[in-house]
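One structure below.
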Amino acid sequence: MYRTHLVFALFLGLIFFPYMQDKIFFIPVLLLSSMLPDIDCMHSKLGKHWIWRPLQWCIKHRGVFHSFTLCLLAALLISFTFPVIAFPFFLGYASHLFGDAMTNEGIRPWWPTKKELKGFFKTGGKVEKVVFICLLVGCAVLVLKFLII
């Protein structure tokens, strides 16, 4: 679910944040890219907008957009044009893929290969809710650590 993707990306982002030179774009790019793989689904936060309909008619959900193939290629292209956002883009996008790989629906990590990577929990199920709460607590701890130091 989008909220779990956002909080997982934020948790990872807070770990790397102190080491980033350009902090202004880091968190916004990270959070946006953590939701980007789901533009292929018309029920997602980003995918529900009409601009993505033609793409959704042509692309299967959890297909190419849910692959490290596209994640790495996009991050590489971004690094040539906007290098300051390449790492937060990659981190956010990859966090989404890792999260979806833990679900029983899984992903095809190296599209176009047919090999799937599947986890054990259901999207929106009890385990995801526990993971969400743990990540939220982790984010709070990291933010408090920044404020204290």
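Identifiers in this document derive from the order of the structure tokens: chains are assigned A, B, ..., residues are numbered from 1 separately in each chain, and ligands are numbered from 1 in order of occurrence.
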
Find the spatial neighbours of Leu142 (chain A), counting only C-alpha atoms, within a cut-off of 8 Å - ignore same-chain residues fewer than 5 positions away - and output them as a ChimeraX atom specification.
/A:11,14-15

List the neighbours of Arg3 (chain A) out to 12 Å using only C-alpha atoms; skip same-chain residues closer than 3 positions along the sequence, and give me the result as an MDAnalysis selection string.
chainID A and resid 6:10 31:32 34:35 44:45 96 99 123:124 128:129 131:133 135:136

Give me the residues within 8 Å of Ala86 (chain A) as an MDAnalysis selection string, counting only C-alpha atoms and dropping any in the same chain fewer than 4 places off.
chainID A and resid 75:76 78:79 82 90

Under the rule of at most 10 Å, produce a per-residue listing of region 47-100 of chain A near region 40-43 of chain A: chain, number, name, the closest pair of atoms, and the distance in Å, as a tab-separated table, using only C-alpha atoms.
residue	atom	partner	partner_atom	distance
A:Gly47	CA	A:Met42	CA	4.6
A:Lys48	CA	A:Met42	CA	4.5
A:His49	CA	A:Met42	CA	7.5
A:Trp50	CA	A:Met42	CA	8.6
A:Trp52	CA	A:Asp40	CA	7.3
A:Arg53	CA	A:Met42	CA	7.3
A:Pro54	CA	A:Asp40	CA	9.6
A:Leu55	CA	A:Asp40	CA	6.7
A:Gln56	CA	A:Asp40	CA	5.0
A:Trp57	CA	A:Asp40	CA	8.6
A:Cys58	CA	A:Asp40	CA	9.0
A:Ile59	CA	A:Asp40	CA	6.5
A:Lys60	CA	A:Asp40	CA	6.9
A:His61	CA	A:Asp40	CA	5.3
A:Arg62	CA	A:Asp40	CA	7.6
A:Gly63	CA	A:Asp40	CA	8.4
A:Val64	CA	A:Asp40	CA	9.2
A:Phe65	CA	A:Asp40	CA	7.1
A:His66	CA	A:Asp40	CA	9.1

Please produce a file of those selected residues containing C-alpha atoms, as a tab-separated table (two decimals), in the first residue's frame.
chain	number	residue	atom	x	y	z
A	47	GLY	CA	-1.90	5.80	-11.25
A	48	LYS	CA	-5.46	6.99	-10.66
A	49	HIS	CA	-4.80	10.15	-12.68
A	50	TRP	CA	-6.06	10.09	-16.27
A	52	TRP	CA	-1.44	7.41	-17.03
A	53	ARG	CA	-4.42	5.62	-18.68
A	54	PRO	CA	-2.74	5.04	-22.07
A	55	LEU	CA	0.25	3.54	-20.30
A	56	GLN	CA	-1.99	1.31	-18.18
A	57	TRP	CA	-3.75	0.02	-21.30
A	58	CYS	CA	-0.40	-1.14	-22.69
A	59	ILE	CA	1.55	-2.21	-19.61
A	60	LYS	CA	0.72	-5.00	-17.16
A	61	HIS	CA	0.74	-4.14	-13.44
A	62	ARG	CA	3.90	-5.42	-11.73
A	63	GLY	CA	5.56	-5.79	-15.10
A	64	VAL	CA	8.35	-3.57	-16.42
A	65	PHE	CA	7.67	-0.77	-13.92
A	66	HIS	CA	8.23	-3.22	-11.07

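Taking CA of Leu30 (chain A) as the reference point, CA of Phe89 (chain A) is found at 5.4 Å.
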
Write out as a short mmCIF file (atom, residue, chain, number, x, y, z; two decimals) with C-alpha atoms, in the first residue's frame each polymer residue whose atoms come within 8 Å of region 116-120 of chain A, counting only C-alpha atoms; drop sequence neighbours fewer than 4 positions from it.
data_model
loop_
_atom_site.label_atom_id
_atom_site.label_comp_id
_atom_site.auth_asym_id
_atom_site.auth_seq_id
_atom_site.Cartn_x
_atom_site.Cartn_y
_atom_site.Cartn_z
CA ALA A 101 8.95 -8.41 -3.56
CA MET A 102 8.01 -9.31 0.02
CA THR A 103 4.34 -9.75 -0.89
CA ASN A 104 2.78 -12.96 -2.17
CA GLU A 105 2.12 -11.24 -5.52
CA GLY A 106 5.83 -10.55 -5.93
CA ILE A 107 7.67 -8.88 -8.79
CA ARG A 108 9.69 -9.84 -11.86
CA PRO A 109 12.93 -8.13 -10.74
#

Please run DSSP on the backbone and report, as a list in words, all residues within chain A that come out as strand (DSSP E or B).
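Those residues are Thr103, Ile107, Leu117 and Phe121 of chain A.
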
Hey, can you spit out that residue selection with C-alpha atoms as a JSON list (two decimals), in the first residue's frame?
[["chain", "number", "residue", "atom", "x", "y", "z"],
["A", 103, "THR", "CA", 4.34, -9.75, -0.89],
["A", 107, "ILE", "CA", 7.67, -8.88, -8.79],
["A", 117, "LEU", "CA", 10.57, -12.92, -6.64],
["A", 121, "PHE", "CA", 2.64, -11.57, 3.16]]

Do a neighbour search on Ile85 (chain A) at 7 Å with only C-alpha atoms, toss out local chain neighbours closer than 4 positions, and write the hits as an NGL selection string.
:A and (25-26 or 29 or 89)

Could you write out the selected residues, including C-alpha atoms, as a PDB file, in the first residue's frame?
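The resulting file, out.pdb, is reproduced below:
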ATOM      1  CA  PHE A  25      15.595  17.607  -3.185  1.00  0.00           C
ATOM      2  CA  PHE A  26      16.483  14.396  -1.356  1.00  0.00           C
ATOM      3  CA  VAL A  29      12.402  12.919  -4.844  1.00  0.00           C
ATOM      4  CA  PHE A  89      15.329   8.438  -7.146  1.00  0.00           C
TER       5      PHE A  89
END

Would you mind writing down, as a count of residues only, each residue of chain A that DSSP on the backbone assigns to alpha helix (DSSP H)?
87

Correct to one decimal, the distance CA of Phe68 (chain A)-CA of Tyr93 (chain A) is 8.8 Å

Would you mind reading off the distance between CA of Ile27 (chain A) and CA of Pro88 (chain A), one decimal, in Å?
7.3 Å

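Residue nearest Ser67 (chain A) within the list A:Lys23, A:Lys122, A:Lys115, A:Lys145: A:Lys115 [criterion: smallest interatomic distance, only C-alpha atoms].
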